[in-house]
$ cat final-v8.cif   # mmCIF, N, CA and C atoms
data_protein
#
loop_
_atom_site.label_atom_id
_atom_site.label_comp_id
_atom_site.auth_asym_id
_atom_site.auth_seq_id
_atom_site.Cartn_x
_atom_site.Cartn_y
_atom_site.Cartn_z
N MET A 1414 131.31 103.97 25.95
CA MET A 1414 131.37 104.49 27.30
C MET A 1414 130.76 105.88 27.35
N ALA A 1415 129.64 106.09 27.19
CA ALA A 1415 128.89 107.34 27.17
C ALA A 1415 129.55 108.47 27.94
N LYS A 1416 128.86 109.06 28.90
CA LYS A 1416 129.41 110.19 29.65
C LYS A 1416 129.67 109.82 31.09
N SER A 1417 130.10 108.63 31.34
CA SER A 1417 130.34 108.19 32.70
C SER A 1417 131.62 108.82 33.24
N LEU A 1418 131.80 108.72 34.52
CA LEU A 1418 132.99 109.26 35.16
C LEU A 1418 134.24 108.56 34.65
N ARG A 1419 134.13 107.26 34.42
CA ARG A 1419 135.27 106.48 33.93
C ARG A 1419 135.67 106.91 32.53
N ALA A 1420 134.69 107.32 31.73
CA ALA A 1420 134.96 107.67 30.33
C ALA A 1420 135.33 109.13 30.15
N SER A 1421 135.22 109.92 31.18
CA SER A 1421 135.41 111.36 31.01
C SER A 1421 136.82 111.70 30.52
N SER A 1422 137.83 111.01 31.03
CA SER A 1422 139.20 111.32 30.59
C SER A 1422 139.40 110.95 29.13
N THR A 1423 138.80 109.85 28.69
CA THR A 1423 138.91 109.44 27.29
C THR A 1423 138.21 110.45 26.39
N ILE A 1424 137.04 110.90 26.81
CA ILE A 1424 136.29 111.87 26.01
C ILE A 1424 137.05 113.18 25.91
N LYS A 1425 137.64 113.61 27.02
CA LYS A 1425 138.43 114.85 27.00
C LYS A 1425 139.63 114.72 26.07
N ALA A 1426 140.29 113.58 26.09
CA ALA A 1426 141.45 113.37 25.22
C ALA A 1426 141.04 113.40 23.76
N LYS A 1427 139.91 112.78 23.43
CA LYS A 1427 139.44 112.79 22.05
C LYS A 1427 139.10 114.21 21.60
N ALA A 1428 138.44 114.96 22.47
CA ALA A 1428 138.09 116.33 22.13
C ALA A 1428 139.34 117.17 21.94
N PHE A 1429 140.33 116.95 22.75
CA PHE A 1429 141.60 117.69 22.64
C PHE A 1429 142.27 117.39 21.31
N ARG A 1430 142.28 116.12 20.93
CA ARG A 1430 142.92 115.73 19.67
C ARG A 1430 142.19 116.32 18.48
N LYS A 1431 140.87 116.39 18.56
CA LYS A 1431 140.10 116.90 17.43
C LYS A 1431 140.29 118.40 17.24
N ASN A 1432 140.38 119.14 18.34
CA ASN A 1432 140.36 120.59 18.26
C ASN A 1432 141.73 121.25 18.31
N ASN A 1433 142.75 120.56 18.76
CA ASN A 1433 144.04 121.18 18.96
C ASN A 1433 144.95 120.93 17.76
N LEU A 1434 145.31 122.00 17.06
CA LEU A 1434 146.16 121.86 15.88
C LEU A 1434 147.61 121.59 16.25
N GLU A 1435 148.04 122.02 17.42
CA GLU A 1435 149.39 121.70 17.88
C GLU A 1435 149.56 120.19 17.97
N TYR A 1436 148.57 119.54 18.54
CA TYR A 1436 148.63 118.08 18.66
C TYR A 1436 148.71 117.45 17.28
N GLN A 1437 147.97 118.00 16.32
CA GLN A 1437 147.94 117.42 14.98
C GLN A 1437 149.32 117.43 14.34
N LYS A 1438 150.10 118.50 14.57
CA LYS A 1438 151.45 118.55 14.02
C LYS A 1438 152.29 117.40 14.56
N TYR A 1439 152.21 117.19 15.87
CA TYR A 1439 153.00 116.13 16.48
C TYR A 1439 152.52 114.75 16.05
N ALA A 1440 151.21 114.60 15.91
CA ALA A 1440 150.67 113.31 15.47
C ALA A 1440 151.11 113.01 14.04
N ASP A 1441 151.09 114.02 13.17
CA ASP A 1441 151.52 113.81 11.79
C ASP A 1441 153.01 113.49 11.71
N SER A 1442 153.80 114.18 12.52
CA SER A 1442 155.24 113.89 12.50
C SER A 1442 155.51 112.49 13.03
N ARG A 1443 154.72 112.04 14.00
CA ARG A 1443 154.87 110.68 14.53
C ARG A 1443 154.54 109.66 13.44
N VAL A 1444 153.47 109.91 12.70
CA VAL A 1444 153.09 109.00 11.61
C VAL A 1444 154.21 108.93 10.57
N LEU A 1445 154.80 110.07 10.25
CA LEU A 1445 155.90 110.08 9.28
C LEU A 1445 157.11 109.31 9.79
N ARG A 1446 157.47 109.50 11.08
CA ARG A 1446 158.61 108.78 11.65
C ARG A 1446 158.38 107.28 11.61
N ILE A 1447 157.18 106.86 11.99
CA ILE A 1447 156.87 105.42 12.01
C ILE A 1447 156.90 104.85 10.60
N SER A 1448 156.35 105.58 9.63
CA SER A 1448 156.34 105.06 8.26
C SER A 1448 157.75 104.98 7.69
N GLU A 1449 158.60 105.96 8.01
CA GLU A 1449 159.99 105.90 7.55
C GLU A 1449 160.71 104.70 8.16
N LYS A 1450 160.44 104.44 9.43
CA LYS A 1450 161.05 103.29 10.09
C LYS A 1450 160.57 101.98 9.45
N LEU A 1451 159.27 101.91 9.14
CA LEU A 1451 158.73 100.72 8.48
C LEU A 1451 159.38 100.51 7.11
N LYS A 1452 159.53 101.61 6.36
CA LYS A 1452 160.18 101.50 5.05
C LYS A 1452 161.60 100.98 5.18
N GLN A 1453 162.33 101.54 6.14
CA GLN A 1453 163.72 101.12 6.32
C GLN A 1453 163.81 99.65 6.74
N ASN A 1454 162.91 99.22 7.63
CA ASN A 1454 162.89 97.80 8.03
C ASN A 1454 162.57 96.90 6.85
N TYR A 1455 161.62 97.33 6.01
CA TYR A 1455 161.25 96.55 4.83
C TYR A 1455 162.45 96.41 3.89
N ILE A 1456 163.15 97.52 3.67
CA ILE A 1456 164.32 97.50 2.78
C ILE A 1456 165.40 96.59 3.36
N ASN A 1457 165.65 96.69 4.67
CA ASN A 1457 166.67 95.84 5.30
C ASN A 1457 166.34 94.36 5.18
N GLU A 1458 165.05 94.01 5.36
CA GLU A 1458 164.65 92.61 5.21
C GLU A 1458 164.86 92.13 3.78
N LYS A 1459 164.51 92.97 2.81
CA LYS A 1459 164.69 92.60 1.41
C LYS A 1459 166.17 92.41 1.09
N VAL A 1460 167.03 93.28 1.64
CA VAL A 1460 168.47 93.18 1.39
C VAL A 1460 169.01 91.88 1.98
N LYS A 1461 168.60 91.56 3.22
CA LYS A 1461 169.05 90.32 3.85
C LYS A 1461 168.62 89.10 3.03
N LYS A 1462 167.38 89.14 2.58
CA LYS A 1462 166.86 88.02 1.78
C LYS A 1462 167.62 87.91 0.45
N TYR A 1463 167.90 89.05 -0.16
CA TYR A 1463 168.62 89.07 -1.44
C TYR A 1463 170.04 88.53 -1.26
N LEU A 1464 170.72 88.96 -0.19
CA LEU A 1464 172.08 88.49 0.06
C LEU A 1464 172.11 87.00 0.40
N LYS A 1465 171.05 86.52 1.05
CA LYS A 1465 170.98 85.09 1.39
C LYS A 1465 170.79 84.25 0.12
N GLU A 1466 169.97 84.76 -0.82
CA GLU A 1466 169.75 84.05 -2.07
C GLU A 1466 171.01 84.06 -2.95
N HIS A 1467 171.72 85.17 -2.96
CA HIS A 1467 172.94 85.32 -3.75
C HIS A 1467 174.12 85.30 -2.78
N GLU A 1468 174.59 84.10 -2.46
CA GLU A 1468 175.57 83.92 -1.39
C GLU A 1468 176.92 84.57 -1.68
N GLY A 1469 177.33 84.71 -2.93
CA GLY A 1469 178.63 85.27 -3.25
C GLY A 1469 178.72 86.77 -3.04
N LEU A 1470 177.60 87.44 -2.98
CA LEU A 1470 177.61 88.90 -2.86
C LEU A 1470 177.74 89.34 -1.41
N GLU A 1471 178.46 90.46 -1.21
CA GLU A 1471 178.56 91.04 0.12
C GLU A 1471 177.76 92.33 0.23
N THR A 1472 177.60 93.03 -0.90
CA THR A 1472 176.83 94.27 -0.92
C THR A 1472 175.79 94.20 -2.02
N VAL A 1473 174.84 95.10 -1.95
CA VAL A 1473 173.75 95.13 -2.92
C VAL A 1473 173.94 96.35 -3.82
N ASP A 1474 173.69 96.18 -5.11
CA ASP A 1474 173.82 97.29 -6.07
C ASP A 1474 172.82 98.39 -5.75
N GLU A 1475 173.13 99.60 -6.23
CA GLU A 1475 172.24 100.74 -6.01
C GLU A 1475 170.93 100.56 -6.76
N ASP A 1476 170.98 99.89 -7.92
CA ASP A 1476 169.76 99.66 -8.70
C ASP A 1476 168.77 98.81 -7.90
N ILE A 1477 169.29 97.76 -7.29
CA ILE A 1477 168.44 96.86 -6.51
C ILE A 1477 167.92 97.57 -5.26
N MET A 1478 168.79 98.39 -4.63
CA MET A 1478 168.35 99.17 -3.46
C MET A 1478 167.23 100.13 -3.85
N ALA A 1479 167.36 100.75 -5.03
CA ALA A 1479 166.33 101.66 -5.51
C ALA A 1479 165.03 100.91 -5.77
N GLN A 1480 165.15 99.68 -6.27
CA GLN A 1480 163.97 98.86 -6.52
C GLN A 1480 163.28 98.51 -5.20
N PHE A 1481 164.06 98.13 -4.20
CA PHE A 1481 163.49 97.82 -2.88
C PHE A 1481 162.85 99.06 -2.27
N ALA A 1482 163.48 100.22 -2.43
CA ALA A 1482 162.93 101.46 -1.90
C ALA A 1482 161.61 101.81 -2.59
N ALA A 1483 161.54 101.56 -3.90
CA ALA A 1483 160.31 101.82 -4.64
C ALA A 1483 159.19 100.90 -4.16
N GLU A 1484 159.52 99.63 -3.91
CA GLU A 1484 158.53 98.68 -3.39
C GLU A 1484 158.03 99.13 -2.02
N ALA A 1485 158.95 99.58 -1.18
CA ALA A 1485 158.58 100.04 0.16
C ALA A 1485 157.69 101.27 0.07
N GLU A 1486 158.02 102.17 -0.83
CA GLU A 1486 157.21 103.38 -1.00
C GLU A 1486 155.82 103.02 -1.49
N LYS A 1487 155.76 102.03 -2.37
CA LYS A 1487 154.47 101.60 -2.91
C LYS A 1487 153.61 100.98 -1.81
N LEU A 1488 154.22 100.18 -0.94
CA LEU A 1488 153.46 99.53 0.13
C LEU A 1488 153.09 100.48 1.26
N ILE A 1489 154.04 101.28 1.70
CA ILE A 1489 153.85 102.06 2.91
C ILE A 1489 153.65 103.54 2.62
N GLY A 1490 154.13 104.01 1.50
CA GLY A 1490 154.16 105.44 1.21
C GLY A 1490 152.83 106.13 1.15
N SER A 1491 151.77 105.45 0.74
CA SER A 1491 150.48 106.11 0.59
C SER A 1491 149.93 106.58 1.92
N LYS A 1492 150.30 105.91 3.01
CA LYS A 1492 149.77 106.29 4.31
C LYS A 1492 150.75 107.13 5.11
N SER A 1493 151.96 107.36 4.57
CA SER A 1493 152.98 108.05 5.35
C SER A 1493 152.81 109.56 5.36
N GLN A 1494 152.16 110.14 4.36
CA GLN A 1494 152.03 111.58 4.30
C GLN A 1494 150.57 111.97 4.17
N PRO A 1495 149.88 112.16 5.29
CA PRO A 1495 148.49 112.58 5.21
C PRO A 1495 148.41 114.02 4.72
N ARG A 1496 147.55 114.28 3.75
CA ARG A 1496 147.38 115.63 3.25
C ARG A 1496 146.39 116.35 4.16
N VAL A 1497 146.83 117.49 4.67
CA VAL A 1497 146.01 118.25 5.60
C VAL A 1497 145.82 119.64 5.03
N ASP A 1498 144.57 120.13 5.05
CA ASP A 1498 144.34 121.48 4.56
C ASP A 1498 144.67 122.49 5.65
N GLY A 1499 144.42 123.76 5.40
CA GLY A 1499 144.79 124.82 6.33
C GLY A 1499 144.10 124.73 7.68
N ASN A 1500 142.94 124.13 7.73
CA ASN A 1500 142.20 124.03 8.99
C ASN A 1500 142.60 122.84 9.83
N GLY A 1501 143.47 122.00 9.33
CA GLY A 1501 143.92 120.84 10.08
C GLY A 1501 143.11 119.59 9.79
N ALA A 1502 142.14 119.68 8.88
CA ALA A 1502 141.31 118.52 8.55
C ALA A 1502 141.90 117.82 7.33
N GLN A 1503 141.77 116.51 7.30
CA GLN A 1503 142.29 115.76 6.16
C GLN A 1503 141.37 115.92 4.97
N ASP A 1504 141.98 115.92 3.77
CA ASP A 1504 141.19 115.97 2.56
C ASP A 1504 140.45 114.65 2.39
N ILE A 1505 139.23 114.73 1.90
CA ILE A 1505 138.43 113.52 1.69
C ILE A 1505 139.05 112.69 0.57
N ASP A 1506 139.65 113.36 -0.43
CA ASP A 1506 140.23 112.63 -1.56
C ASP A 1506 141.38 111.75 -1.14
N SER A 1507 142.09 112.14 -0.07
CA SER A 1507 143.28 111.39 0.32
C SER A 1507 142.95 110.16 1.15
N MET A 1508 141.73 110.05 1.63
CA MET A 1508 141.38 108.91 2.48
C MET A 1508 141.25 107.65 1.65
N ASP A 1509 141.77 106.55 2.18
CA ASP A 1509 141.73 105.28 1.47
C ASP A 1509 140.32 104.70 1.54
N THR A 1510 139.94 104.03 0.45
CA THR A 1510 138.65 103.35 0.42
C THR A 1510 138.85 101.88 0.15
N ASP A 1511 139.97 101.35 0.62
CA ASP A 1511 140.30 99.94 0.47
C ASP A 1511 140.30 99.52 -1.00
N GLY A 1512 140.72 100.40 -1.88
CA GLY A 1512 140.86 100.06 -3.29
C GLY A 1512 139.55 100.01 -4.05
N ALA A 1513 138.46 100.36 -3.42
CA ALA A 1513 137.17 100.31 -4.09
C ALA A 1513 136.88 101.66 -4.72
N THR A 1514 136.39 101.65 -5.97
CA THR A 1514 135.99 102.87 -6.63
C THR A 1514 134.50 103.03 -6.50
N ASP A 1515 133.96 104.12 -7.05
CA ASP A 1515 132.53 104.36 -6.91
C ASP A 1515 131.71 103.26 -7.57
N GLY A 1516 132.16 102.73 -8.70
CA GLY A 1516 131.44 101.66 -9.38
C GLY A 1516 131.48 100.37 -8.59
N ASP A 1517 132.59 100.12 -7.90
CA ASP A 1517 132.73 98.89 -7.13
C ASP A 1517 131.87 98.90 -5.87
N LYS A 1518 131.63 100.07 -5.31
CA LYS A 1518 130.87 100.15 -4.06
C LYS A 1518 129.44 99.67 -4.25
N SER A 1519 128.82 100.08 -5.37
CA SER A 1519 127.44 99.67 -5.60
C SER A 1519 127.36 98.19 -5.93
N ALA A 1520 128.39 97.67 -6.59
CA ALA A 1520 128.38 96.27 -6.98
C ALA A 1520 128.79 95.36 -5.83
N ALA A 1521 129.47 95.92 -4.83
CA ALA A 1521 129.92 95.11 -3.70
C ALA A 1521 128.73 94.63 -2.88
N LYS A 1522 128.88 93.45 -2.32
CA LYS A 1522 127.81 92.88 -1.51
C LYS A 1522 127.70 93.65 -0.21
N SER A 1523 126.51 94.12 0.10
CA SER A 1523 126.32 94.87 1.34
C SER A 1523 126.18 93.90 2.49
N ILE A 1524 126.66 94.31 3.63
CA ILE A 1524 126.62 93.48 4.82
C ILE A 1524 125.33 93.76 5.57
N SER A 1525 124.59 92.72 5.84
CA SER A 1525 123.33 92.87 6.55
C SER A 1525 123.58 92.94 8.05
N THR A 1526 122.97 93.92 8.68
CA THR A 1526 123.12 94.04 10.13
C THR A 1526 121.83 93.68 10.85
N SER A 1527 120.85 93.22 10.11
CA SER A 1527 119.60 92.83 10.76
C SER A 1527 119.71 91.41 11.27
N GLY A 1528 118.85 91.06 12.18
CA GLY A 1528 118.86 89.71 12.72
C GLY A 1528 119.41 89.66 14.12
N TRP A 1529 119.47 88.46 14.68
CA TRP A 1529 119.93 88.29 16.05
C TRP A 1529 121.43 88.45 16.13
N ARG A 1530 121.88 89.05 17.21
CA ARG A 1530 123.31 89.20 17.47
C ARG A 1530 123.75 88.06 18.39
N ASP A 1531 125.02 88.09 18.78
CA ASP A 1531 125.55 87.02 19.61
C ASP A 1531 125.63 87.38 21.09
N ALA A 1532 124.93 88.41 21.52
CA ALA A 1532 124.94 88.76 22.93
C ALA A 1532 124.12 87.75 23.71
N ARG A 1533 124.52 87.50 24.95
CA ARG A 1533 123.84 86.49 25.75
C ARG A 1533 122.38 86.84 26.02
N HIS A 1534 122.11 88.10 26.29
CA HIS A 1534 120.72 88.46 26.58
C HIS A 1534 119.84 88.31 25.34
N LEU A 1535 120.42 88.52 24.15
CA LEU A 1535 119.64 88.33 22.94
C LEU A 1535 119.45 86.85 22.63
N ASN A 1536 120.46 86.03 22.93
CA ASN A 1536 120.30 84.59 22.75
C ASN A 1536 119.22 84.04 23.68
N TYR A 1537 119.21 84.54 24.92
CA TYR A 1537 118.19 84.13 25.88
C TYR A 1537 116.81 84.52 25.38
N ARG A 1538 116.69 85.75 24.91
CA ARG A 1538 115.40 86.24 24.43
C ARG A 1538 114.95 85.44 23.20
N LYS A 1539 115.89 85.13 22.33
CA LYS A 1539 115.57 84.35 21.13
C LYS A 1539 115.08 82.96 21.51
N ALA A 1540 115.78 82.30 22.46
CA ALA A 1540 115.38 80.96 22.89
C ALA A 1540 114.00 81.00 23.54
N LYS A 1541 113.76 82.04 24.33
CA LYS A 1541 112.47 82.18 24.99
C LYS A 1541 111.35 82.35 23.96
N LYS A 1542 111.59 83.14 22.94
CA LYS A 1542 110.60 83.35 21.88
C LYS A 1542 110.35 82.05 21.11
N MET A 1543 111.42 81.28 20.89
CA MET A 1543 111.26 80.02 20.17
C MET A 1543 110.43 79.04 20.97
N LYS A 1544 110.62 79.01 22.30
CA LYS A 1544 109.83 78.12 23.15
C LYS A 1544 108.36 78.48 23.08
N LYS A 1545 108.07 79.78 23.15
CA LYS A 1545 106.68 80.23 23.10
C LYS A 1545 106.04 79.86 21.77
N SER A 1546 106.78 80.04 20.70
CA SER A 1546 106.21 79.78 19.38
C SER A 1546 105.95 78.28 19.19
N LYS A 1547 106.77 77.43 19.79
CA LYS A 1547 106.57 75.99 19.67
C LYS A 1547 105.37 75.54 20.48
N LYS A 1548 105.14 76.14 21.63
CA LYS A 1548 104.02 75.74 22.48
C LYS A 1548 102.69 76.16 21.88
N ARG A 1549 102.60 77.40 21.44
CA ARG A 1549 101.34 77.91 20.93
C ARG A 1549 101.08 77.47 19.50
N GLY A 1550 102.14 77.22 18.78
CA GLY A 1550 101.96 76.84 17.39
C GLY A 1550 101.78 78.02 16.47
N SER A 1551 101.96 79.21 16.96
CA SER A 1551 101.81 80.39 16.11
C SER A 1551 103.20 80.91 15.73
N PHE A 1552 103.22 81.69 14.71
CA PHE A 1552 104.49 82.22 14.23
C PHE A 1552 104.73 83.60 14.84
N THR A 1553 105.88 83.75 15.47
CA THR A 1553 106.28 85.07 15.96
C THR A 1553 107.62 85.41 15.33
N LYS A 1554 107.73 86.62 14.86
CA LYS A 1554 108.95 87.01 14.16
C LYS A 1554 110.11 87.17 15.13
N PHE A 1555 109.86 87.77 16.28
CA PHE A 1555 110.96 88.01 17.21
C PHE A 1555 110.71 87.39 18.55
#
$ encode --input "final-v8.cif" --output "structure tokens"
Amino acid sequence: MAKSLRASSTIKAKAFRKNNLEYQKYADSRVLRISEKLKQNYINEKVKKYLKEHEGLETVDEDIMAQFAAEAEKLIGSKSQPRVDGNGAQDIDSMDTDGATDGDKSAAKSISTSGWRDARHLNYRKAKKMKKSKKRGSFTKF
């Protein structure tokens, strides 16, 4: 949505979020609250499942609770505390790369973005070009 009147409020909000450090404090605290809630929900689900499997038990040992908490921290904890430097920008080292290291990136298959897309106007143009090429008998790339 470029610089249209409809997009102006969205653009202003994005600019505000990028430049305002007060907002960043609240956004970070919100992320922490949500991640803590996710961890607690994960632990509660694990406890319910554990109690259902072991029907004779009414409570769960502290060792098992600690194990569930460690699992929750492992799953959710990496994203719960964003490291922010003094300027309010996130450290590049802390950003996730979907588990890929530098060696894996070069070996990973790159996604090709060339070729026809699925937009209707491009499909129309492609069909039109194919008709022309069939009539004339010459090869046209696009």
$ closest_residue --input "final-v8.cif" --among "A:Asn1536, A:Ser1417, A:Gly1469, A:Ile1489" --to "Leu1451 of chain A" --atoms "all atoms listed in the file"
A:Ile1489
$ atom_distance --input "final-v8.cif" --atom1 "atom C of Val1460 of chain A" --atom2 "atom CA of Glu1484 of chain A"
13.6 Å
$ atom_distance --input "final-v8.cif" --atom1 "atom N of Tyr1455 of chain A" --atom2 "atom C of Phe1481 of chain A"
8.5 Å
$ atom_distance --input "final-v8.cif" --atom1 "atom N of Gln1453 of chain A" --atom2 "atom CA of Ala1485 of chain A"
7.2 Å
$ axis_aligned_box --input "final-v8.cif" --around "segment 1468-1484 of chain A" --padding-each-side "4 Å" --output "lines of an AutoDock Vina configuration file"
center_x = 168.4
center_y = 92.9
center_z = -4.2
size_x = 28.7
size_y = 25.9
size_z = 16.9
$ closest_residue --input "final-v8.cif" --among "A:Met1478, A:Leu1488, A:Lys1438, A:Ala1532" --to "Leu1464 of chain A" --atoms "only C-alpha atoms"
A:Met1478
